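Q: To be precise about what I am sending: the file is called upload_36.cif and holds mmCIF, N, CA and C atoms.
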```
data_my_file
loop_
_atom_site.label_atom_id
_atom_site.label_comp_id
_atom_site.auth_asym_id
_atom_site.auth_seq_id
_atom_site.Cartn_x
_atom_site.Cartn_y
_atom_site.Cartn_z
N MET W 145 -24.49 -24.18 -23.40
CA MET W 145 -24.63 -24.35 -24.84
C MET W 145 -23.25 -24.41 -25.48
N LYS W 146 -23.15 -25.23 -26.50
CA LYS W 146 -21.91 -25.30 -27.27
C LYS W 146 -21.94 -24.23 -28.37
N ILE W 147 -20.79 -23.59 -28.55
CA ILE W 147 -20.65 -22.56 -29.57
C ILE W 147 -19.52 -22.98 -30.50
N GLY W 148 -19.73 -22.88 -31.80
CA GLY W 148 -18.68 -23.13 -32.78
C GLY W 148 -18.07 -21.80 -33.19
N ILE W 149 -16.76 -21.67 -32.97
CA ILE W 149 -16.08 -20.40 -33.25
C ILE W 149 -14.94 -20.63 -34.22
N THR W 150 -14.88 -19.81 -35.27
CA THR W 150 -13.75 -19.91 -36.20
C THR W 150 -12.52 -19.34 -35.52
N SER W 151 -11.38 -20.02 -35.68
CA SER W 151 -10.20 -19.63 -34.92
C SER W 151 -8.93 -19.70 -35.76
N THR W 152 -7.99 -18.81 -35.44
CA THR W 152 -6.69 -18.82 -36.10
C THR W 152 -5.72 -19.78 -35.42
N GLY W 153 -6.09 -20.29 -34.24
CA GLY W 153 -5.22 -21.19 -33.49
C GLY W 153 -6.03 -22.17 -32.67
N GLY W 154 -5.32 -23.03 -31.95
CA GLY W 154 -5.96 -24.11 -31.25
C GLY W 154 -6.19 -23.89 -29.76
N ASN W 155 -6.38 -22.64 -29.33
CA ASN W 155 -6.63 -22.40 -27.91
C ASN W 155 -7.52 -21.16 -27.74
N LEU W 156 -7.92 -20.91 -26.51
CA LEU W 156 -8.85 -19.81 -26.22
C LEU W 156 -8.23 -18.42 -26.38
N ASP W 157 -6.90 -18.35 -26.44
CA ASP W 157 -6.23 -17.07 -26.63
C ASP W 157 -6.01 -16.73 -28.10
N ALA W 158 -6.35 -17.65 -28.99
CA ALA W 158 -6.24 -17.39 -30.44
C ALA W 158 -7.32 -16.40 -30.84
N ASN W 159 -7.14 -15.78 -31.98
CA ASN W 159 -8.11 -14.81 -32.49
C ASN W 159 -9.21 -15.49 -33.29
N VAL W 160 -10.36 -14.85 -33.34
CA VAL W 160 -11.45 -15.30 -34.19
C VAL W 160 -10.98 -15.15 -35.63
N ASP W 161 -11.08 -16.24 -36.41
CA ASP W 161 -10.73 -16.19 -37.83
C ASP W 161 -11.85 -15.46 -38.54
N GLN W 162 -11.50 -14.55 -39.44
CA GLN W 162 -12.50 -13.74 -40.13
C GLN W 162 -13.21 -14.49 -41.25
N ARG W 163 -12.74 -15.69 -41.57
CA ARG W 163 -13.37 -16.49 -42.63
C ARG W 163 -14.02 -17.71 -41.99
N PHE W 164 -15.21 -18.05 -42.43
CA PHE W 164 -15.87 -19.24 -41.90
C PHE W 164 -15.40 -20.50 -42.64
N GLY W 165 -15.72 -20.63 -43.88
CA GLY W 165 -15.43 -21.87 -44.61
C GLY W 165 -13.96 -22.18 -44.77
N ARG W 166 -13.13 -21.16 -44.72
CA ARG W 166 -11.70 -21.36 -44.91
C ARG W 166 -10.87 -20.98 -43.69
N CYS W 167 -11.51 -21.02 -42.53
CA CYS W 167 -10.77 -20.76 -41.29
C CYS W 167 -9.78 -21.89 -41.05
N LYS W 168 -8.77 -21.64 -40.20
CA LYS W 168 -7.80 -22.68 -39.89
C LYS W 168 -8.37 -23.73 -38.96
N TYR W 169 -9.10 -23.27 -37.94
CA TYR W 169 -9.65 -24.17 -36.93
C TYR W 169 -11.05 -23.76 -36.55
N PHE W 170 -11.78 -24.72 -35.99
CA PHE W 170 -13.02 -24.45 -35.28
C PHE W 170 -12.78 -24.85 -33.84
N LEU W 171 -13.17 -24.00 -32.91
CA LEU W 171 -13.18 -24.37 -31.51
C LEU W 171 -14.63 -24.55 -31.10
N ILE W 172 -14.94 -25.73 -30.58
CA ILE W 172 -16.27 -26.00 -30.08
C ILE W 172 -16.19 -25.77 -28.58
N VAL W 173 -16.79 -24.68 -28.11
CA VAL W 173 -16.62 -24.23 -26.73
C VAL W 173 -17.93 -24.38 -25.96
N ASP W 174 -17.85 -24.98 -24.78
CA ASP W 174 -18.99 -25.00 -23.87
C ASP W 174 -19.00 -23.64 -23.17
N ALA W 175 -20.02 -22.85 -23.41
CA ALA W 175 -20.06 -21.47 -22.92
C ALA W 175 -20.04 -21.38 -21.40
N GLU W 176 -20.52 -22.40 -20.72
CA GLU W 176 -20.55 -22.36 -19.25
C GLU W 176 -19.22 -22.79 -18.63
N SER W 177 -18.71 -23.93 -19.06
CA SER W 177 -17.50 -24.49 -18.43
C SER W 177 -16.21 -24.00 -19.08
N MET W 178 -16.31 -23.46 -20.29
CA MET W 178 -15.16 -23.02 -21.10
C MET W 178 -14.30 -24.20 -21.56
N GLU W 179 -14.77 -25.42 -21.40
CA GLU W 179 -14.08 -26.57 -21.98
C GLU W 179 -14.26 -26.48 -23.49
N PHE W 180 -13.25 -26.94 -24.24
CA PHE W 180 -13.34 -26.81 -25.69
C PHE W 180 -12.69 -27.98 -26.40
N GLU W 181 -13.12 -28.14 -27.64
CA GLU W 181 -12.56 -29.14 -28.55
C GLU W 181 -12.03 -28.38 -29.76
N VAL W 182 -10.86 -28.79 -30.24
CA VAL W 182 -10.25 -28.15 -31.41
C VAL W 182 -10.45 -29.04 -32.63
N LEU W 183 -10.99 -28.46 -33.70
CA LEU W 183 -11.14 -29.18 -34.96
C LEU W 183 -10.34 -28.45 -36.02
N SER W 184 -9.43 -29.15 -36.65
CA SER W 184 -8.73 -28.58 -37.80
C SER W 184 -9.73 -28.55 -38.95
N ASN W 185 -9.79 -27.44 -39.67
CA ASN W 185 -10.74 -27.33 -40.79
C ASN W 185 -10.17 -28.03 -42.01
N GLU W 186 -10.60 -29.24 -42.22
CA GLU W 186 -10.12 -30.05 -43.35
C GLU W 186 -10.58 -29.49 -44.69
N ASN W 187 -11.54 -28.59 -44.69
CA ASN W 187 -12.11 -28.06 -45.93
C ASN W 187 -11.49 -26.73 -46.35
N ALA W 188 -10.55 -26.22 -45.56
CA ALA W 188 -10.01 -24.88 -45.81
C ALA W 188 -9.39 -24.74 -47.20
N MET W 189 -8.80 -25.80 -47.71
CA MET W 189 -8.13 -25.71 -49.00
C MET W 189 -8.95 -26.32 -50.14
N ALA W 190 -10.20 -26.65 -49.89
CA ALA W 190 -11.06 -27.25 -50.92
C ALA W 190 -11.22 -26.28 -52.09
N TYR W 191 -11.30 -26.83 -53.28
CA TYR W 191 -11.47 -26.00 -54.47
C TYR W 191 -12.81 -25.28 -54.43
N GLY W 192 -13.84 -25.98 -54.02
CA GLY W 192 -15.18 -25.39 -53.93
C GLY W 192 -15.95 -26.09 -52.84
N GLY W 193 -17.00 -25.44 -52.37
CA GLY W 193 -17.87 -26.03 -51.36
C GLY W 193 -17.34 -26.01 -49.94
N ALA W 194 -16.30 -25.22 -49.69
CA ALA W 194 -15.69 -25.19 -48.35
C ALA W 194 -16.69 -24.74 -47.29
N GLY W 195 -17.49 -23.74 -47.61
CA GLY W 195 -18.44 -23.22 -46.63
C GLY W 195 -19.50 -24.24 -46.26
N ILE W 196 -20.04 -24.92 -47.25
CA ILE W 196 -21.07 -25.93 -46.99
C ILE W 196 -20.48 -27.08 -46.18
N GLN W 197 -19.31 -27.56 -46.58
CA GLN W 197 -18.68 -28.67 -45.86
C GLN W 197 -18.33 -28.28 -44.43
N ALA W 198 -17.84 -27.07 -44.24
CA ALA W 198 -17.51 -26.60 -42.89
C ALA W 198 -18.78 -26.49 -42.05
N ALA W 199 -19.85 -25.99 -42.65
CA ALA W 199 -21.12 -25.85 -41.93
C ALA W 199 -21.65 -27.22 -41.51
N GLN W 200 -21.51 -28.22 -42.37
CA GLN W 200 -21.96 -29.57 -42.02
C GLN W 200 -21.12 -30.14 -40.88
N THR W 201 -19.83 -29.87 -40.88
CA THR W 201 -18.95 -30.32 -39.80
C THR W 201 -19.42 -29.74 -38.47
N ILE W 202 -19.68 -28.44 -38.46
CA ILE W 202 -20.13 -27.76 -37.25
C ILE W 202 -21.50 -28.28 -36.81
N ALA W 203 -22.40 -28.46 -37.76
CA ALA W 203 -23.75 -28.94 -37.43
C ALA W 203 -23.69 -30.32 -36.77
N ASN W 204 -22.77 -31.15 -37.21
CA ASN W 204 -22.64 -32.50 -36.65
C ASN W 204 -22.08 -32.50 -35.24
N LYS W 205 -21.57 -31.37 -34.77
CA LYS W 205 -21.02 -31.28 -33.41
C LYS W 205 -22.06 -30.82 -32.39
N GLY W 206 -23.27 -30.56 -32.83
CA GLY W 206 -24.34 -30.22 -31.90
C GLY W 206 -24.25 -28.83 -31.30
N VAL W 207 -23.67 -27.89 -32.03
CA VAL W 207 -23.59 -26.53 -31.51
C VAL W 207 -24.91 -25.80 -31.75
N GLY W 208 -25.18 -24.82 -30.90
CA GLY W 208 -26.39 -24.03 -31.05
C GLY W 208 -26.16 -22.68 -31.69
N ALA W 209 -24.87 -22.27 -31.72
CA ALA W 209 -24.54 -20.95 -32.28
C ALA W 209 -23.17 -21.01 -32.92
N VAL W 210 -22.97 -20.17 -33.91
CA VAL W 210 -21.69 -20.03 -34.61
C VAL W 210 -21.24 -18.58 -34.49
N VAL W 211 -19.96 -18.40 -34.16
CA VAL W 211 -19.37 -17.07 -34.02
C VAL W 211 -18.20 -16.99 -35.00
N THR W 212 -18.19 -15.95 -35.84
CA THR W 212 -17.15 -15.80 -36.86
C THR W 212 -17.02 -14.34 -37.27
N GLY W 213 -16.04 -14.08 -38.10
CA GLY W 213 -15.89 -12.74 -38.66
C GLY W 213 -16.89 -12.52 -39.78
N ASN W 214 -16.86 -13.41 -40.76
CA ASN W 214 -17.74 -13.31 -41.93
C ASN W 214 -18.23 -14.68 -42.34
N ILE W 215 -19.36 -14.70 -43.03
CA ILE W 215 -19.90 -15.96 -43.53
C ILE W 215 -20.57 -15.73 -44.87
N GLY W 216 -20.33 -16.66 -45.79
CA GLY W 216 -20.90 -16.57 -47.13
C GLY W 216 -22.30 -17.17 -47.21
N PRO W 217 -22.95 -17.01 -48.37
CA PRO W 217 -24.34 -17.43 -48.51
C PRO W 217 -24.59 -18.93 -48.37
N ASN W 218 -23.71 -19.76 -48.89
CA ASN W 218 -23.94 -21.20 -48.82
C ASN W 218 -23.81 -21.72 -47.38
N ALA W 219 -22.78 -21.28 -46.68
CA ALA W 219 -22.60 -21.69 -45.29
C ALA W 219 -23.74 -21.12 -44.44
N PHE W 220 -24.11 -19.88 -44.69
CA PHE W 220 -25.21 -19.26 -43.94
C PHE W 220 -26.49 -20.07 -44.09
N GLN W 221 -26.80 -20.45 -45.30
CA GLN W 221 -28.03 -21.20 -45.57
C GLN W 221 -27.97 -22.57 -44.89
N THR W 222 -26.83 -23.24 -44.95
CA THR W 222 -26.67 -24.56 -44.34
C THR W 222 -26.83 -24.49 -42.83
N LEU W 223 -26.18 -23.51 -42.20
CA LEU W 223 -26.27 -23.36 -40.74
C LEU W 223 -27.68 -22.95 -40.32
N SER W 224 -28.30 -22.06 -41.07
CA SER W 224 -29.66 -21.62 -40.76
C SER W 224 -30.64 -22.79 -40.84
N ALA W 225 -30.47 -23.62 -41.87
CA ALA W 225 -31.35 -24.77 -42.04
C ALA W 225 -31.20 -25.75 -40.87
N ALA W 226 -30.02 -25.77 -40.26
CA ALA W 226 -29.77 -26.65 -39.11
C ALA W 226 -30.26 -26.02 -37.80
N GLY W 227 -30.82 -24.80 -37.89
CA GLY W 227 -31.40 -24.16 -36.72
C GLY W 227 -30.40 -23.42 -35.83
N MET W 228 -29.23 -23.13 -36.36
CA MET W 228 -28.21 -22.45 -35.54
C MET W 228 -28.33 -20.93 -35.62
N LYS W 229 -27.99 -20.28 -34.52
CA LYS W 229 -27.87 -18.83 -34.51
C LYS W 229 -26.47 -18.51 -35.03
N ILE W 230 -26.36 -17.44 -35.81
CA ILE W 230 -25.09 -17.07 -36.43
C ILE W 230 -24.76 -15.64 -36.04
N PHE W 231 -23.52 -15.45 -35.60
CA PHE W 231 -23.04 -14.13 -35.19
C PHE W 231 -21.80 -13.79 -36.01
N THR W 232 -21.83 -12.69 -36.75
CA THR W 232 -20.69 -12.27 -37.56
C THR W 232 -20.18 -10.91 -37.07
N GLY W 233 -19.09 -10.48 -37.69
CA GLY W 233 -18.50 -9.20 -37.31
C GLY W 233 -17.74 -9.28 -36.01
N VAL W 234 -17.39 -10.49 -35.60
CA VAL W 234 -16.74 -10.71 -34.31
C VAL W 234 -15.22 -10.73 -34.50
N SER W 235 -14.52 -10.06 -33.60
CA SER W 235 -13.05 -10.07 -33.61
C SER W 235 -12.57 -10.19 -32.18
N GLY W 236 -11.27 -10.29 -32.02
CA GLY W 236 -10.70 -10.48 -30.69
C GLY W 236 -10.40 -11.94 -30.45
N THR W 237 -10.12 -12.29 -29.21
CA THR W 237 -9.78 -13.67 -28.89
C THR W 237 -11.05 -14.52 -28.75
N ILE W 238 -10.84 -15.82 -28.79
CA ILE W 238 -11.96 -16.75 -28.59
C ILE W 238 -12.57 -16.52 -27.21
N LYS W 239 -11.72 -16.40 -26.20
CA LYS W 239 -12.19 -16.20 -24.82
C LYS W 239 -13.05 -14.93 -24.73
N GLU W 240 -12.58 -13.83 -25.31
CA GLU W 240 -13.33 -12.57 -25.29
C GLU W 240 -14.67 -12.73 -26.01
N SER W 241 -14.66 -13.45 -27.11
CA SER W 241 -15.88 -13.64 -27.89
C SER W 241 -16.92 -14.45 -27.14
N VAL W 242 -16.49 -15.48 -26.41
CA VAL W 242 -17.42 -16.26 -25.61
C VAL W 242 -18.02 -15.38 -24.51
N GLU W 243 -17.20 -14.55 -23.89
CA GLU W 243 -17.71 -13.65 -22.85
C GLU W 243 -18.74 -12.68 -23.43
N LYS W 244 -18.47 -12.14 -24.60
CA LYS W 244 -19.43 -11.24 -25.26
C LYS W 244 -20.73 -11.97 -25.57
N TYR W 245 -20.59 -13.21 -26.02
CA TYR W 245 -21.77 -14.03 -26.32
C TYR W 245 -22.61 -14.21 -25.05
N LYS W 246 -21.97 -14.58 -23.97
CA LYS W 246 -22.67 -14.83 -22.71
C LYS W 246 -23.36 -13.58 -22.18
N LYS W 247 -22.79 -12.41 -22.42
CA LYS W 247 -23.37 -11.15 -21.97
C LYS W 247 -24.43 -10.61 -22.93
N GLY W 248 -24.63 -11.29 -24.06
CA GLY W 248 -25.61 -10.84 -25.04
C GLY W 248 -25.13 -9.66 -25.86
N GLU W 249 -23.81 -9.50 -25.97
CA GLU W 249 -23.25 -8.34 -26.68
C GLU W 249 -23.04 -8.58 -28.18
N LEU W 250 -23.23 -9.82 -28.65
CA LEU W 250 -23.09 -10.11 -30.07
C LEU W 250 -24.45 -10.01 -30.74
N LYS W 251 -24.46 -9.50 -31.96
CA LYS W 251 -25.71 -9.33 -32.69
C LYS W 251 -25.89 -10.48 -33.67
N GLU W 252 -27.05 -11.13 -33.57
CA GLU W 252 -27.33 -12.24 -34.47
C GLU W 252 -27.44 -11.75 -35.90
N THR W 253 -26.86 -12.51 -36.82
CA THR W 253 -26.81 -12.16 -38.23
C THR W 253 -28.06 -12.66 -38.94
N GLU W 254 -28.63 -11.82 -39.78
CA GLU W 254 -29.85 -12.15 -40.50
C GLU W 254 -29.58 -12.57 -41.95
N ALA W 255 -28.35 -12.36 -42.42
CA ALA W 255 -28.02 -12.64 -43.81
C ALA W 255 -26.51 -12.86 -43.92
N PRO W 256 -26.05 -13.44 -45.03
CA PRO W 256 -24.60 -13.61 -45.23
C PRO W 256 -23.91 -12.25 -45.16
N SER W 257 -22.67 -12.25 -44.69
CA SER W 257 -21.94 -10.99 -44.57
C SER W 257 -20.97 -10.75 -45.73
N VAL W 258 -20.73 -11.78 -46.53
CA VAL W 258 -19.87 -11.67 -47.71
C VAL W 258 -20.47 -12.51 -48.84
N GLY W 259 -19.97 -12.30 -50.05
CA GLY W 259 -20.44 -13.07 -51.19
C GLY W 259 -19.77 -14.43 -51.29
N SER W 260 -20.24 -15.22 -52.23
CA SER W 260 -19.64 -16.54 -52.47
C SER W 260 -18.17 -16.41 -52.80
N HIS W 261 -17.38 -17.36 -52.34
CA HIS W 261 -15.96 -17.50 -52.66
C HIS W 261 -15.09 -16.36 -52.15
N SER W 262 -15.57 -15.56 -51.24
CA SER W 262 -14.77 -14.42 -50.76
C SER W 262 -13.56 -14.86 -49.95
N GLY W 263 -13.64 -15.98 -49.27
CA GLY W 263 -12.53 -16.45 -48.44
C GLY W 263 -11.37 -17.03 -49.21
N MET W 264 -11.52 -17.21 -50.52
CA MET W 264 -10.47 -17.81 -51.33
C MET W 264 -9.28 -16.88 -51.52
N ARG W 265 -9.45 -15.61 -51.25
CA ARG W 265 -8.38 -14.64 -51.49
C ARG W 265 -7.39 -14.56 -50.35
N GLY W 266 -7.61 -15.27 -49.26
CA GLY W 266 -6.67 -15.07 -48.19
C GLY W 266 -6.53 -16.26 -47.36
#
```
Starting from the file, lay out its structure as structure tokens.
A:
Amino acid sequence: MKIGITSTGGNLDANVDQRFGRCKYFLIVDAESMEFEVLSNENAMAYGGAGIQAAQTIANKGVGAVVTGNIGPNAFQTLSAAGMKIFTGVSGTIKESVEKYKKGELKETEAPSVGSHSGMRG
């Protein structure tokens, strides 16, 4: 399965970015082979709608799950409508996060973890 992970850098040793809509990068990782694609988040500096636009970008990549630190209500709703599983509260490296995902150690999120526009402060 492909997993979309918010990232502070463009490799598996980078840390999980704590912001979804305004993360620096998305890594689309094949959980089995560990092959990955790096996407620069073109929406990170958007005035508004960054979460929705980022969620649409991820949805178009055919991922089944999203791993991030936090996610706001608009992105959460967009990803949920696309049928994706969402995991928040995740920290550490991308590689560590994929391993936790594979072992079933991440808890699926049932609701947004932050309010609207929370990622704009950092």
Q: For this file, the PyMOL selection byres (((chain W and resi 239 and name CA) around 10) and name CA) selects which residues, as a ChimeraX atom specification?
A: /W:155-160,173,175,178,236-238,240-245
Q: I'd like the interatomic distance between atom N of Val234 in chain W and atom N of Ala219 in chain W, to a tenth of an Å.
A: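 Atom N of Val234 in chain W sits 16.4 Å away from atom N of Ala219 in chain W.
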Q: Quick one, how far is CA of Gly248 in chain W from CA of Gly213 in chain W?
A: 16.8 Å
Q: Could you list the residues chosen by the PyMOL selection byres ((chain W and resi 196) around 7) in this structure as a list in words?
A: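 On the file shown, the PyMOL selection byres ((chain W and resi 196) around 7) covers Gly165, Gly193, Ala194, Gly195, Gln197, Ala198, Ala199, Gln200, Thr201, Asn218, Ala219, Phe220 and Thr222 of chain W.
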Q: Choose the residue, out of W:Thr253, W:Thr150, W:Ser224, W:Asn185, that has the smallest atom-to-atom separation from Thr212 in chain W; count only C-alpha atoms.
A: W:Thr150
Q: Separation of CA of Gly227 in chain W and atom N of Glu176 in chain W, in Å?
A: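 CA of Gly227 in chain W sits 19.4 Å away from atom N of Glu176 in chain W.
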Q: Of the residues W:Gly233, W:Gly192, W:Ala226, W:Lys146, which is the one nearest to Gln162 in chain W, using only N, CA and C atoms?
A: W:Gly233
Q: Residues picked by the PyMOL selection byres (((chain W and resi 254 and name CA) around 10) and name CA) here, as an NGL selection string?
A: :W and (220 or 224 or 229-232 or 251-253 or 255-257)
Q: Taking 2 positions as the minimum chain separation for residues in the same chain, which residues sit within 7 Å of Cys167 in chain W when counting only C-alpha atoms? Answer as JSON, numbers by chain.
A: {"W": [150, 151, 152, 161, 163, 164, 165, 169, 185, 188]}
